[in-house]
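For reference, data-v3.txt is printed below; it contains compact mmCIF, C-alpha atoms and all ligand atoms.
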```txt
# COMPACT_ATOMS: atom_id res chain seq x y z
CA MET A 262 21.10 36.94 17.84
CA ASN A 263 24.55 37.76 19.01
CA VAL A 264 27.01 36.63 16.41
CA ASP A 265 30.05 37.73 18.41
CA GLY A 266 33.03 35.53 18.00
CA VAL A 267 32.05 34.48 14.50
CA SER A 268 33.37 36.63 11.67
CA THR A 269 32.64 34.22 8.89
CA GLY A 270 30.74 31.06 9.64
CA ILE A 271 27.49 29.61 10.89
CA VAL A 272 25.48 30.03 14.05
CA LEU A 273 22.87 27.38 14.79
CA ASP A 274 20.40 28.96 17.17
CA HIS A 275 17.34 27.65 19.01
CA ILE A 276 18.66 24.12 19.30
CA GLN A 277 16.51 22.23 21.74
CA ALA A 278 18.30 22.43 25.12
CA GLY A 279 20.45 19.35 25.63
CA LYS A 280 20.57 18.39 21.97
CA SER A 281 23.69 20.30 20.94
CA MET A 282 26.15 17.44 21.48
CA GLN A 283 24.00 15.12 19.39
CA ILE A 284 23.93 17.67 16.59
CA TYR A 285 27.66 18.29 16.95
CA LYS A 286 28.26 14.62 16.26
CA LEU A 287 25.58 14.32 13.59
CA LEU A 288 27.10 17.12 11.51
CA GLY A 289 30.61 15.76 12.01
CA LEU A 290 31.80 19.01 13.62
CA ASP A 291 34.42 17.06 15.55
CA LYS A 292 36.26 16.66 12.24
CA LEU A 293 36.64 20.42 11.71
CA SER A 294 39.85 22.22 12.57
CA CYS A 295 38.26 25.66 13.03
CA ASN A 296 36.78 27.06 16.24
CA VAL A 297 33.51 25.48 17.23
CA ALA A 298 31.70 26.79 20.29
CA ILE A 299 28.84 25.04 22.00
CA ILE A 300 26.65 27.01 24.35
CA GLN A 301 24.31 24.99 26.47
CA ASN A 302 21.21 26.11 28.35
CA ALA A 303 21.25 29.66 27.06
CA LYS A 304 18.17 31.72 27.86
CA SER A 305 15.53 31.74 25.18
CA ARG A 306 12.41 33.89 25.01
CA LYS A 307 10.72 31.34 22.80
CA TYR A 308 11.65 28.08 24.47
CA GLY A 309 12.91 29.02 27.96
CA LYS A 310 16.23 27.25 27.39
CA LYS A 311 18.18 26.54 24.27
CA ASP A 312 21.55 25.41 22.97
CA ILE A 313 23.64 27.28 20.40
CA ILE A 314 26.48 26.10 18.19
CA LYS A 315 28.89 28.57 16.60
CA ILE A 316 31.11 27.36 13.79
CA ASP A 317 33.95 29.58 12.63
CA GLU A 318 33.87 28.44 9.03
CA ASN A 319 31.43 28.38 6.14
CA PHE A 320 30.77 24.75 6.31
CA GLN A 321 28.41 22.74 4.07
CA ILE A 322 25.61 21.55 6.32
CA ASP A 323 23.17 18.85 5.31
CA LEU A 324 20.03 20.85 6.09
CA ASP A 325 17.79 17.80 5.66
CA VAL A 326 19.66 15.90 8.32
CA LEU A 327 19.71 18.93 10.58
CA GLY A 328 16.01 19.70 10.05
CA PHE A 329 15.17 16.11 10.82
CA ALA A 330 17.24 16.16 14.02
CA ASP A 331 15.62 19.40 15.23
CA PRO A 332 13.17 21.31 12.99
CA HIS A 333 13.15 24.31 15.36
CA ILE A 334 16.74 25.32 14.66
CA THR A 335 17.43 28.76 13.17
CA VAL A 336 20.46 28.88 10.87
CA ASN A 337 22.45 32.15 10.71
CA ILE A 338 25.08 32.53 8.03
CA VAL A 339 27.66 35.15 8.99
CA LYS A 340 30.06 36.80 6.56
CA ASN A 341 32.68 39.38 7.56
CA GLY A 342 31.03 39.91 10.91
CA LYS A 343 27.59 40.58 9.38
CA LEU A 344 24.54 38.40 9.31
CA GLU A 345 24.17 37.47 5.67
CA LYS A 346 21.32 35.00 5.76
CA LYS A 347 18.98 33.68 8.38
CA PHE A 348 16.46 30.92 7.93
CA HIS A 349 14.36 28.46 9.84
CA LEU A 350 14.56 24.77 9.36
CA ALA A 351 11.64 22.49 8.76
CA LEU A 352 11.20 18.77 8.56
CA PRO A 353 12.57 17.66 5.19
CA LYS A 354 10.03 16.35 2.68
CA GLU A 355 12.15 13.28 2.07
CA LEU A 356 14.69 11.38 4.09
CA ILE A 357 17.06 9.49 1.85
CA GLY A 358 19.53 7.28 3.69
CA VAL A 359 18.92 9.03 7.02
CA ILE A 360 16.82 6.55 8.96
CA LYS A 361 16.29 2.83 8.46
CA CYS A 362 12.96 1.08 8.11
CA LYS A 363 12.45 -1.23 11.08
CA ASN A 364 9.64 -3.32 9.59
CA PRO A 365 11.03 -6.87 9.34
CA ARG A 366 8.59 -7.58 6.49
CA CYS A 367 9.92 -4.67 4.43
CA ILE A 368 11.95 -5.45 1.31
CA THR A 369 14.69 -3.16 2.67
CA SER A 370 15.34 -5.77 5.38
CA VAL A 371 16.57 -8.33 2.84
CA GLU A 372 17.48 -6.62 -0.42
CA GLN A 373 21.06 -5.40 -0.42
CA GLU A 374 22.10 -1.89 -1.30
CA ILE A 375 18.67 -0.30 -1.17
CA VAL A 376 18.79 3.26 0.08
CA HIS A 377 16.13 3.62 2.77
CA LYS A 378 13.67 6.33 1.75
CA PHE A 379 10.99 8.01 3.81
CA LYS A 380 8.46 10.63 2.73
CA LEU A 381 6.93 13.24 5.03
CA VAL A 382 3.18 12.58 5.04
CA ASP A 383 2.09 14.83 7.89
CA GLU A 384 4.10 17.89 8.81
CA GLU A 385 2.20 18.66 11.99
CA SER A 386 2.78 15.30 13.63
CA GLY A 387 6.13 14.84 11.89
CA MET A 388 5.03 11.55 10.40
CA TYR A 389 7.09 9.88 7.70
CA ARG A 390 6.32 6.74 5.78
CA CYS A 391 8.70 4.21 4.26
CA GLU A 392 8.67 4.54 0.47
CA TYR A 393 8.56 0.75 0.19
CA CYS A 394 6.28 -0.65 2.90
CA ASP A 395 4.51 2.50 4.21
CA THR A 396 5.59 1.86 7.78
CA ALA A 397 5.22 5.06 9.78
CA TYR A 398 8.08 6.82 11.53
CA VAL A 399 7.35 9.82 13.70
CA ALA A 400 10.12 12.40 14.02
CA LYS A 401 10.29 13.80 17.53
CA MET B 273 -3.18 6.90 -19.57
CA GLY B 274 -0.24 8.19 -17.63
CA ILE B 275 0.62 5.34 -15.33
CA ARG B 276 3.34 2.86 -16.08
CA ASN B 277 3.20 0.60 -13.05
CA LEU B 278 0.47 -0.68 -10.80
CA ILE B 279 1.86 -0.97 -7.29
CA ASN B 280 -1.20 0.10 -5.32
CA ILE B 281 -4.81 0.63 -6.36
CA THR B 282 -4.38 4.30 -5.44
CA ASP B 283 -2.04 4.63 -8.44
CA LEU B 284 -5.21 4.70 -10.53
CA GLY B 285 -7.45 7.73 -10.67
CA THR B 286 -11.21 7.23 -10.59
CA ASP B 287 -11.42 8.08 -14.27
CA GLU B 288 -8.61 5.66 -15.14
CA LEU B 289 -10.39 2.94 -13.18
CA PHE B 290 -13.60 3.71 -15.04
CA GLN B 291 -11.88 3.44 -18.42
CA MET B 292 -10.14 0.22 -17.49
CA MET B 293 -13.43 -1.35 -16.43
CA ASN B 294 -15.04 -0.19 -19.68
CA LEU B 295 -12.21 -1.86 -21.56
CA ALA B 296 -12.73 -5.07 -19.58
CA ASP B 297 -16.46 -4.96 -20.42
CA ASP B 298 -15.62 -4.59 -24.09
CA ILE B 299 -13.18 -7.51 -23.92
CA ILE B 300 -15.91 -9.67 -22.38
CA GLU B 301 -18.34 -8.73 -25.14
CA ASN B 302 -15.90 -8.91 -28.06
CA PRO B 303 -13.07 -11.27 -27.10
CA SER B 304 -12.02 -11.95 -30.70
CA LYS B 305 -11.30 -8.27 -31.23
CA TYR B 306 -8.50 -8.55 -28.68
CA SER B 307 -7.13 -12.01 -29.42
CA GLU B 308 -4.05 -10.75 -31.27
CA THR B 309 -3.40 -7.42 -29.54
CA CYS B 310 -0.35 -8.67 -27.60
CA ARG B 311 1.19 -10.71 -30.43
CA GLY B 312 4.95 -10.51 -30.07
CA LYS B 313 4.70 -9.27 -26.47
CA THR B 314 5.85 -11.24 -23.45
CA LEU B 315 4.62 -11.10 -19.87
CA GLY B 316 7.19 -12.03 -17.23
CA THR B 317 5.58 -13.65 -14.18
CA LEU B 318 8.00 -13.45 -11.27
CA PHE B 319 6.46 -15.31 -8.37
CA PHE B 320 8.99 -15.26 -5.55
CA GLU B 321 6.22 -16.84 -3.49
CA PRO B 322 3.69 -19.30 -4.90
CA SER B 323 0.15 -18.18 -5.70
CA THR B 324 -1.24 -20.50 -8.29
CA ARG B 325 -4.54 -18.71 -8.84
CA THR B 326 -3.07 -15.27 -9.34
CA ARG B 327 -0.33 -16.57 -11.61
CA LEU B 328 -2.77 -18.58 -13.74
CA SER B 329 -5.05 -15.61 -14.02
CA PHE B 330 -2.21 -13.45 -15.38
CA THR B 331 -1.08 -16.25 -17.68
CA ALA B 332 -4.59 -16.78 -19.06
CA ALA B 333 -5.01 -13.03 -19.53
CA MET B 334 -1.82 -12.71 -21.58
CA MET B 335 -2.54 -15.83 -23.62
CA GLU B 336 -6.00 -14.59 -24.57
CA LEU B 337 -4.41 -11.39 -25.81
CA GLY B 338 -2.18 -13.44 -28.12
CA GLY B 339 0.98 -12.83 -26.09
CA ASN B 340 3.60 -15.05 -24.49
CA VAL B 341 4.41 -15.73 -20.86
CA LEU B 342 7.65 -16.69 -19.15
CA GLY B 343 8.72 -16.73 -15.54
CA PHE B 344 8.90 -18.80 -12.39
CA SER B 345 6.28 -19.85 -9.90
CA GLU B 346 8.24 -19.96 -6.66
CA ALA B 347 11.57 -18.73 -5.43
CA ALA B 348 12.85 -22.28 -4.90
CA SER B 349 12.80 -22.94 -8.65
CA SER B 350 14.54 -19.71 -9.54
CA SER B 351 17.83 -17.98 -9.03
CA ALA B 352 16.16 -16.09 -6.17
CA ALA B 353 16.67 -19.24 -4.12
CA LYS B 354 20.40 -18.82 -4.67
CA GLY B 355 20.19 -15.39 -3.15
CA GLU B 356 19.68 -13.29 -6.27
CA SER B 357 18.11 -9.99 -5.42
CA VAL B 358 14.85 -8.56 -6.71
CA SER B 359 16.90 -5.87 -8.44
CA ASP B 360 19.02 -8.33 -10.40
CA THR B 361 16.15 -10.66 -11.22
CA VAL B 362 14.04 -7.82 -12.56
CA ARG B 363 16.91 -6.32 -14.52
CA THR B 364 17.48 -9.69 -16.17
CA VAL B 365 13.86 -10.63 -16.86
CA GLY B 366 13.21 -7.07 -18.01
CA CYS B 367 15.46 -7.90 -20.98
CA TYR B 368 13.19 -10.76 -22.03
CA SER B 369 9.74 -9.33 -21.39
CA HIS B 370 7.61 -6.29 -22.15
CA ILE B 371 5.68 -6.25 -18.89
CA ILE B 372 6.18 -7.96 -15.53
CA ALA B 373 3.74 -9.25 -12.93
CA MET B 374 5.49 -10.00 -9.67
CA ARG B 375 4.60 -11.46 -6.33
CA HIS B 376 6.98 -11.29 -3.40
CA PRO B 377 6.66 -12.02 0.31
CA LYS B 378 8.30 -8.72 1.29
CA GLU B 379 6.43 -5.43 1.38
CA GLY B 380 7.56 -2.87 -1.16
CA ALA B 381 9.42 -5.38 -3.39
CA PRO B 382 7.59 -4.10 -6.53
CA VAL B 383 8.75 -0.55 -5.75
CA VAL B 384 12.32 -1.81 -5.92
CA ALA B 385 11.51 -3.62 -9.17
CA ALA B 386 9.95 -0.52 -10.73
CA ASP B 387 13.07 1.47 -9.90
CA ARG B 388 15.28 -1.01 -11.71
CA THR B 389 13.56 -1.46 -15.06
CA THR B 390 11.72 0.51 -17.72
CA VAL B 391 9.32 -2.41 -18.21
CA PRO B 392 5.91 -1.83 -16.55
CA ILE B 393 5.58 -3.59 -13.18
CA ILE B 394 2.33 -5.02 -11.88
CA ASN B 395 2.23 -5.83 -8.18
CA ALA B 396 0.63 -9.27 -7.91
CA GLY B 397 0.86 -9.14 -4.12
CA ASP B 398 3.67 -7.96 -1.82
CA GLY B 399 3.29 -9.72 1.50
CA GLY B 400 0.40 -8.42 3.56
CA HIS B 401 0.73 -5.04 1.92
CA PHE B 402 -1.03 -4.51 -1.44
CA HIS B 403 -2.74 -6.71 -3.98
CA PRO B 404 -4.24 -4.20 -6.42
CA THR B 405 -5.35 -6.65 -9.11
CA GLN B 406 -7.59 -8.37 -6.56
CA THR B 407 -9.24 -5.04 -5.82
CA LEU B 408 -9.62 -4.32 -9.55
CA THR B 409 -11.25 -7.74 -9.88
CA ASP B 410 -13.65 -6.99 -7.02
CA LEU B 411 -14.62 -3.61 -8.45
CA LEU B 412 -15.27 -5.01 -11.92
CA THR B 413 -17.37 -7.84 -10.50
CA ILE B 414 -19.45 -5.46 -8.38
CA ARG B 415 -19.97 -3.11 -11.31
CA ARG B 416 -20.99 -5.93 -13.65
CA GLU B 417 -23.39 -7.41 -11.11
CA LYS B 418 -24.92 -4.16 -9.87
CA LYS B 419 -24.45 -1.91 -12.94
CA ARG B 420 -23.18 0.73 -10.54
CA LEU B 421 -20.48 1.36 -7.94
CA ASP B 422 -22.37 3.85 -5.77
CA ASN B 423 -25.37 3.63 -3.45
CA MET B 424 -25.02 0.26 -1.82
CA VAL B 425 -24.58 -1.54 1.46
CA ILE B 426 -21.49 -3.75 1.51
CA GLY B 427 -21.00 -6.39 4.18
CA VAL B 428 -17.46 -7.64 4.73
CA CYS B 429 -17.15 -10.75 6.83
CA GLY B 430 -14.38 -12.77 8.45
CA ASP B 431 -10.84 -11.71 9.22
CA LEU B 432 -11.08 -7.95 8.95
CA LYS B 433 -7.94 -7.33 10.96
CA PHE B 434 -5.36 -8.92 8.69
CA GLY B 435 -7.43 -9.17 5.51
CA ARG B 436 -5.68 -6.79 3.15
CA THR B 437 -8.18 -7.49 0.35
CA VAL B 438 -10.93 -6.09 2.56
CA HIS B 439 -8.94 -2.98 3.53
CA SER B 440 -8.10 -2.30 -0.07
CA LEU B 441 -11.68 -2.89 -1.27
CA ILE B 442 -13.06 -0.50 1.35
CA GLY B 443 -10.47 2.11 0.39
CA ALA B 444 -11.40 1.80 -3.27
CA MET B 445 -15.17 1.89 -2.68
CA LEU B 446 -14.82 5.11 -0.67
CA ARG B 447 -14.32 6.88 -4.00
CA TYR B 448 -18.00 6.36 -4.76
CA GLU B 449 -21.11 8.06 -3.40
CA ASN B 450 -23.27 6.73 -0.61
CA ILE B 451 -21.53 3.49 0.24
CA GLU B 452 -22.29 1.94 3.61
CA PHE B 453 -20.21 -0.78 5.20
CA VAL B 454 -21.28 -3.46 7.64
CA LEU B 455 -18.22 -4.99 9.29
CA ILE B 456 -18.88 -8.55 10.40
CA SER B 457 -16.13 -10.16 12.47
CA PRO B 458 -15.21 -11.60 15.85
CA VAL B 459 -13.86 -9.03 18.32
CA GLU B 460 -10.38 -10.53 17.89
CA LEU B 461 -10.39 -9.76 14.17
CA LYS B 462 -11.96 -6.30 14.06
CA ILE B 463 -11.04 -3.89 11.32
CA PRO B 464 -8.02 -1.68 12.13
CA GLN B 465 -8.52 1.90 13.28
CA TYR B 466 -6.93 3.41 10.19
CA VAL B 467 -9.61 1.87 7.98
CA LYS B 468 -12.31 3.29 10.27
CA ASP B 469 -10.61 6.68 10.08
CA ALA B 470 -10.62 6.49 6.29
CA MET B 471 -14.35 5.67 6.27
CA ASP B 472 -15.09 8.55 8.63
CA LYS B 473 -13.01 10.93 6.56
CA ALA B 474 -14.99 9.98 3.47
CA ASN B 475 -18.25 10.38 5.41
CA ALA B 476 -19.16 6.77 4.77
CA LYS B 477 -21.52 5.09 7.20
CA TRP B 478 -20.27 1.96 8.91
CA THR B 479 -21.36 -0.39 11.66
CA GLU B 480 -19.65 -3.30 13.39
CA VAL B 481 -21.64 -6.45 14.10
CA ARG B 482 -20.71 -9.84 15.51
CA THR B 483 -22.96 -12.12 13.45
CA LEU B 484 -23.83 -12.62 9.80
CA GLU B 485 -27.53 -12.97 10.66
CA GLU B 486 -27.97 -9.45 11.98
CA ALA B 487 -26.24 -7.93 8.97
CA MET B 488 -27.79 -10.06 6.24
CA PRO B 489 -31.19 -8.45 5.44
CA ARG B 490 -29.74 -5.06 4.43
CA LEU B 491 -26.81 -6.16 2.32
CA ASP B 492 -26.42 -5.59 -1.42
CA ILE B 493 -22.93 -7.14 -1.44
CA LEU B 494 -21.53 -9.75 0.93
CA TYR B 495 -17.75 -10.11 0.75
CA MET B 496 -16.62 -13.23 2.57
CA THR B 497 -13.07 -13.92 3.75
CA ARG B 498 -11.45 -16.73 5.61
CA VAL B 499 -11.05 -16.83 9.39
CA GLN B 500 -7.75 -18.59 9.94
CA LYS B 501 -7.21 -20.77 12.95
CA GLU B 502 -3.74 -19.37 13.63
CA ARG B 503 -5.23 -15.92 14.27
CA PHE B 504 -6.74 -17.11 17.53
CA PHE B 505 -5.06 -17.42 20.89
CA ASN B 506 -6.72 -20.69 21.70
CA GLU B 507 -8.50 -23.56 20.03
CA GLU B 508 -11.77 -23.10 21.98
CA ASP B 509 -12.25 -19.53 20.75
CA TYR B 510 -11.71 -20.68 17.21
CA ILE B 511 -14.12 -23.60 17.46
CA ARG B 512 -16.70 -21.45 19.21
CA LEU B 513 -16.53 -18.74 16.56
CA LYS B 514 -15.80 -20.43 13.31
CA ASP B 515 -19.38 -21.44 12.45
CA THR B 516 -20.60 -17.91 13.14
CA TYR B 517 -18.70 -16.77 10.09
CA VAL B 518 -19.62 -19.62 7.78
CA LEU B 519 -22.14 -18.75 5.11
CA ASP B 520 -24.79 -21.39 4.47
CA LEU B 521 -28.24 -21.52 2.87
CA LYS B 522 -29.96 -21.09 6.22
CA LYS B 523 -28.27 -17.73 6.85
CA LEU B 524 -29.13 -16.64 3.32
CA GLU B 525 -32.86 -17.06 3.91
CA VAL B 526 -33.20 -13.49 5.14
CA ALA B 527 -30.94 -11.99 2.47
CA LYS B 528 -32.04 -9.80 -0.42
CA LYS B 529 -32.95 -11.58 -3.64
CA ASP B 530 -30.36 -9.61 -5.55
CA LEU B 531 -27.54 -9.98 -3.02
CA THR B 532 -24.12 -10.55 -4.60
CA ILE B 533 -21.85 -12.93 -2.69
CA LEU B 534 -18.14 -12.49 -3.33
CA HIS B 535 -14.99 -14.20 -2.07
CA PRO B 536 -11.38 -13.65 -3.20
CA LEU B 537 -10.79 -17.47 -3.23
CA PRO B 538 -9.38 -19.90 -2.32
CA ARG B 539 -12.27 -20.80 -0.09
CA VAL B 540 -11.87 -23.34 2.68
CA THR B 541 -15.00 -23.82 4.78
CA GLU B 542 -16.30 -20.27 5.15
CA ILE B 543 -18.86 -20.71 2.39
CA SER B 544 -20.77 -23.97 2.39
CA THR B 545 -20.56 -25.62 -1.04
CA ALA B 546 -24.37 -25.79 -1.05
CA VAL B 547 -24.33 -22.02 -1.55
CA ASP B 548 -22.48 -22.43 -4.87
CA ASP B 549 -25.72 -23.29 -6.69
CA ASP B 550 -27.53 -20.25 -5.32
CA PRO B 551 -27.85 -17.63 -8.08
CA ARG B 552 -26.52 -15.02 -5.65
CA ALA B 553 -23.13 -16.77 -5.40
CA LYS B 554 -20.83 -14.85 -7.74
CA TYR B 555 -17.35 -15.85 -6.62
CA PHE B 556 -16.62 -17.93 -9.68
CA GLU B 557 -17.80 -15.09 -11.91
CA GLN B 558 -15.43 -12.98 -9.82
CA ALA B 559 -12.52 -15.28 -10.71
CA LEU B 560 -13.45 -14.87 -14.38
CA CYS B 561 -13.60 -11.08 -13.98
CA GLY B 562 -10.08 -11.38 -12.58
CA LYS B 563 -8.83 -12.58 -15.94
CA TYR B 564 -10.65 -9.87 -17.92
CA ILE B 565 -9.54 -6.96 -15.74
CA ARG B 566 -5.94 -8.24 -15.96
CA MET B 567 -6.29 -8.27 -19.76
CA ALA B 568 -7.49 -4.66 -19.60
CA LEU B 569 -4.64 -3.78 -17.24
CA ILE B 570 -1.96 -5.35 -19.45
CA LEU B 571 -3.31 -3.52 -22.51
CA THR B 572 -3.43 -0.25 -20.61
CA LEU B 573 0.09 -0.48 -19.17
CA LEU B 574 1.49 -1.48 -22.57
CA GLY B 575 -0.28 1.52 -24.12
CA LEU B 576 -2.26 -0.77 -26.41
CA ASP B 577 -5.69 0.09 -25.03
CA LYS B 578 -6.35 2.68 -27.72
CA GLU B 579 -5.00 0.55 -30.58
CA VAL B 580 -7.94 -1.82 -30.82
CA LYS B 581 -10.52 -0.87 -33.41
ZN ZN C 601 9.85 -0.21 4.92
```
Rewrite the structure from the file as structure tokens, please.
Amino acid sequence: MNVDGVSTGIVLDHIQAGKSMQIYKLLGLDKLSCNVAIIQNAKSRKYGKKDIIKIDENFQIDLDVLGFADPHITVNIVKNGKLEKKFHLALPKELIGVIKCKNPRCITSVEQEIVHKFKLVDEESGMYRCEYCDTAYVAK
Amino acid sequence: MGIRNLINITDLGTDELFQMMNLADDIIENPSKYSETCRGKTLGTLFFEPSTRTRLSFTAAMMELGGNVLGFSEAASSSAAKGESVSDTVRTVGCYSHIIAMRHPKEGAPVVAADRTTVPIINAGDGGHFHPTQTLTDLLTIRREKKRLDNMVIGVCGDLKFGRTVHSLIGAMLRYENIEFVLISPVELKIPQYVKDAMDKANAKWTEVRTLEEAMPRLDILYMTRVQKERFFNEEDYIRLKDTYVLDLKKLEVAKKDLTILHPLPRVTEISTAVDDDPRAKYFEQALCGKYIRMALILTLLGLDKEVK
């Protein structure tokens, strides 16, 4: 991975092509004052095409949210021009306050101030279930 | 026992189930031994939706253990009608009771309750979701009638699509060896795929049939449920089918002599009242088992099950 242009910061690699803007918004990168570069449709050996986001700052990322949005992302942490840490994301085991249960019979549809909680029940299919009513939600 | 709440029957391990049923058996044999075990304890019955039978069964269970009961029997007569949340209701009633049985029309309501109080929560039905004390009742009745929970053919009849008691009973019986299911329902009310998947996964044999007659001769247990009119698209289908799933003495002629007939009650017309006098009809015994297993459950969740000498 070419980390050029980032001396200290984060490079999100292997973003599914076309998804970078969604992730940009999801992580609230529009609120940062540092350099943020988005590369779309870069060549990828693994996936054919991919998007990349480079952030010129060591920014606290909610990895659960990011992993849920795209579990194939590789996160590169760069410090002083060197790759310090690299890891792959996975679907988070739990989603707390990320998605809402859509079952109209679920208690979360009427009870105020309940944090919607989902648990990962099947990693392969990306299936989550509502902690309250067991309604399935499949992460794509 | 480690558990504090009963939200779903799967909260109980097979060994815990076994012990709870043993305790219920002992209560049935020696009721006086248990008549003071819950002295000074109060059961809160929070019925956000009415269910007279379930509520009375819990009330009777607590009273026979020497305890007290307080609560409400429908949301209209409680602060819930004024918009009070499950969270607030449970936090409040948790101050006045040692254990709570709650029924609520919304799925997952008891999970919210359990998060908000340190008092044990028993799910007495959350919408079409779970009703674990019914399943406990069914298991105890089957074990008392058959002296075993393995090696039997269980027929389930009626509304198998929406009937949560049936889904839960099948799930629970899959813990035991060599159980075969015969699923008796109209095409419109067939059992959902996920239940079939669970049976396959457990290597349980199952067959689907359309009439009670063809299933009857092989059954050890017949679990009847109601076929509701509103489940059908049109009146003719309902009228055409409803008698097919009504149990009467004629259909019982080919049944085993030691068949056990169960029904979660209330019954409407799906079992002819003439069947009530047949020695194989056990649904009123089942209602009685419901009280005893709830006594065992209350004792267990309060940690009093080991206190009785
Ligand atoms: Zn839900």
TODO: Would you list the contacts of range 332-339 of chain A as a VMD selection string, taking every protein, DNA or RNA residue within 7 Å and counting all atoms listed in the file, but skipping same-chain residues closer than 5 positions in sequence?
DONE: chain A and resid 268 to 276 344 to 352
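Using only C-alpha atoms for every distance, the candidate list B:Leu411, B:Ala381, B:Leu537, B:Cys429 yields B:Ala381 as the residue closest to chain A.
CA of Tyr495 in chain B lies 22.5 Å from CA of Leu328 in chain B.
When all atoms listed in the file are used to compute distances to chain B, the closest of the residues A:Cys295, A:Cys391, A:Ala330, A:Ala278 turns out to be A:Cys391.
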Task: Residues within 8 Å of ligand ZN 601 (chain C), counting all atoms listed in the file, as a list in words - done: Lys361, Cys362, Lys363, Asn364, Arg366, Cys367, Ile368, Thr369, Ser370, His377, Arg390, Cys391, Glu392, Tyr393, Cys394, Asp395 and Thr396 of chain A; Glu379 and Gly380 of chain B
Restricted to C-alpha atoms, what would the selected residues look like written as a PDB file, in the frame of the given file?
```
ATOM      1  CA  LYS A 361      16.290   2.830   8.460  1.00  0.00           C
ATOM      2  CA  CYS A 362      12.960   1.080   8.110  1.00  0.00           C
ATOM      3  CA  LYS A 363      12.450  -1.230  11.080  1.00  0.00           C
ATOM      4  CA  ASN A 364       9.640  -3.320   9.590  1.00  0.00           C
ATOM      5  CA  ARG A 366       8.590  -7.580   6.490  1.00  0.00           C
ATOM      6  CA  CYS A 367       9.920  -4.670   4.430  1.00  0.00           C
ATOM      7  CA  ILE A 368      11.950  -5.450   1.310  1.00  0.00           C
ATOM      8  CA  THR A 369      14.690  -3.160   2.670  1.00  0.00           C
ATOM      9  CA  SER A 370      15.340  -5.770   5.380  1.00  0.00           C
ATOM     10  CA  HIS A 377      16.130   3.620   2.770  1.00  0.00           C
ATOM     11  CA  ARG A 390       6.320   6.740   5.780  1.00  0.00           C
ATOM     12  CA  CYS A 391       8.700   4.210   4.260  1.00  0.00           C
ATOM     13  CA  GLU A 392       8.670   4.540   0.470  1.00  0.00           C
ATOM     14  CA  TYR A 393       8.560   0.750   0.190  1.00  0.00           C
ATOM     15  CA  CYS A 394       6.280  -0.650   2.900  1.00  0.00           C
ATOM     16  CA  ASP A 395       4.510   2.500   4.210  1.00  0.00           C
ATOM     17  CA  THR A 396       5.590   1.860   7.780  1.00  0.00           C
TER      18      THR A 396
ATOM     19  CA  GLU B 379       6.430  -5.430   1.380  1.00  0.00           C
ATOM     20  CA  GLY B 380       7.560  -2.870  -1.160  1.00  0.00           C
TER      21      GLY B 380
END
```
Could you work out which residues of chain B fall inside 8 Å of chain A? Count all atoms listed in the file, and format the result as a JSON list (two decimals) with C-alpha atoms, keeping the file's coordinate frame.
```
[["chain", "number", "residue", "atom", "x", "y", "z"],
["B", 357, "SER", "CA", 18.11, -9.99, -5.42],
["B", 358, "VAL", "CA", 14.85, -8.56, -6.71],
["B", 377, "PRO", "CA", 6.66, -12.02, 0.31],
["B", 378, "LYS", "CA", 8.30, -8.72, 1.29],
["B", 379, "GLU", "CA", 6.43, -5.43, 1.38],
["B", 380, "GLY", "CA", 7.56, -2.87, -1.16],
["B", 381, "ALA", "CA", 9.42, -5.38, -3.39],
["B", 383, "VAL", "CA", 8.75, -0.55, -5.75],
["B", 384, "VAL", "CA", 12.32, -1.81, -5.92],
["B", 399, "GLY", "CA", 3.29, -9.72, 1.50],
["B", 401, "HIS", "CA", 0.73, -5.04, 1.92]]
```
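Here CA of Tyr368 in chain B stands at a distance of 9.9 Å from CA of Gly343 in chain B.
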Task: Straight-line distance linking CA of Asn395 in chain B with CA of Ile279 in chain B, stated in Å to one decimal - done: 5.0 Å
Just the residues within 12 Å of Ala470 in chain B, please, counting all atoms listed in the file, with nothing from its chain fewer than 2 positions along; format it as a PDB file with C-alpha atoms, keeping the file's coordinate frame.
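The new file part-v5.pdb reads:
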```pdb
ATOM      1  CA  HIS B 439      -8.940  -2.980   3.530  1.00  0.00           C
ATOM      2  CA  SER B 440      -8.100  -2.300  -0.070  1.00  0.00           C
ATOM      3  CA  ILE B 442     -13.060  -0.500   1.350  1.00  0.00           C
ATOM      4  CA  GLY B 443     -10.470   2.110   0.390  1.00  0.00           C
ATOM      5  CA  ALA B 444     -11.400   1.800  -3.270  1.00  0.00           C
ATOM      6  CA  MET B 445     -15.170   1.890  -2.680  1.00  0.00           C
ATOM      7  CA  LEU B 446     -14.820   5.110  -0.670  1.00  0.00           C
ATOM      8  CA  ARG B 447     -14.320   6.880  -4.000  1.00  0.00           C
ATOM      9  CA  ILE B 463     -11.040  -3.890  11.320  1.00  0.00           C
ATOM     10  CA  PRO B 464      -8.020  -1.680  12.130  1.00  0.00           C
ATOM     11  CA  GLN B 465      -8.520   1.900  13.280  1.00  0.00           C
ATOM     12  CA  TYR B 466      -6.930   3.410  10.190  1.00  0.00           C
ATOM     13  CA  VAL B 467      -9.610   1.870   7.980  1.00  0.00           C
ATOM     14  CA  LYS B 468     -12.310   3.290  10.270  1.00  0.00           C
ATOM     15  CA  ASP B 472     -15.090   8.550   8.630  1.00  0.00           C
ATOM     16  CA  LYS B 473     -13.010  10.930   6.560  1.00  0.00           C
ATOM     17  CA  ALA B 474     -14.990   9.980   3.470  1.00  0.00           C
ATOM     18  CA  ASN B 475     -18.250  10.380   5.410  1.00  0.00           C
ATOM     19  CA  ALA B 476     -19.160   6.770   4.770  1.00  0.00           C
ATOM     20  CA  LYS B 477     -21.520   5.090   7.200  1.00  0.00           C
ATOM     21  CA  TRP B 478     -20.270   1.960   8.910  1.00  0.00           C
TER      22      TRP B 478
END
```
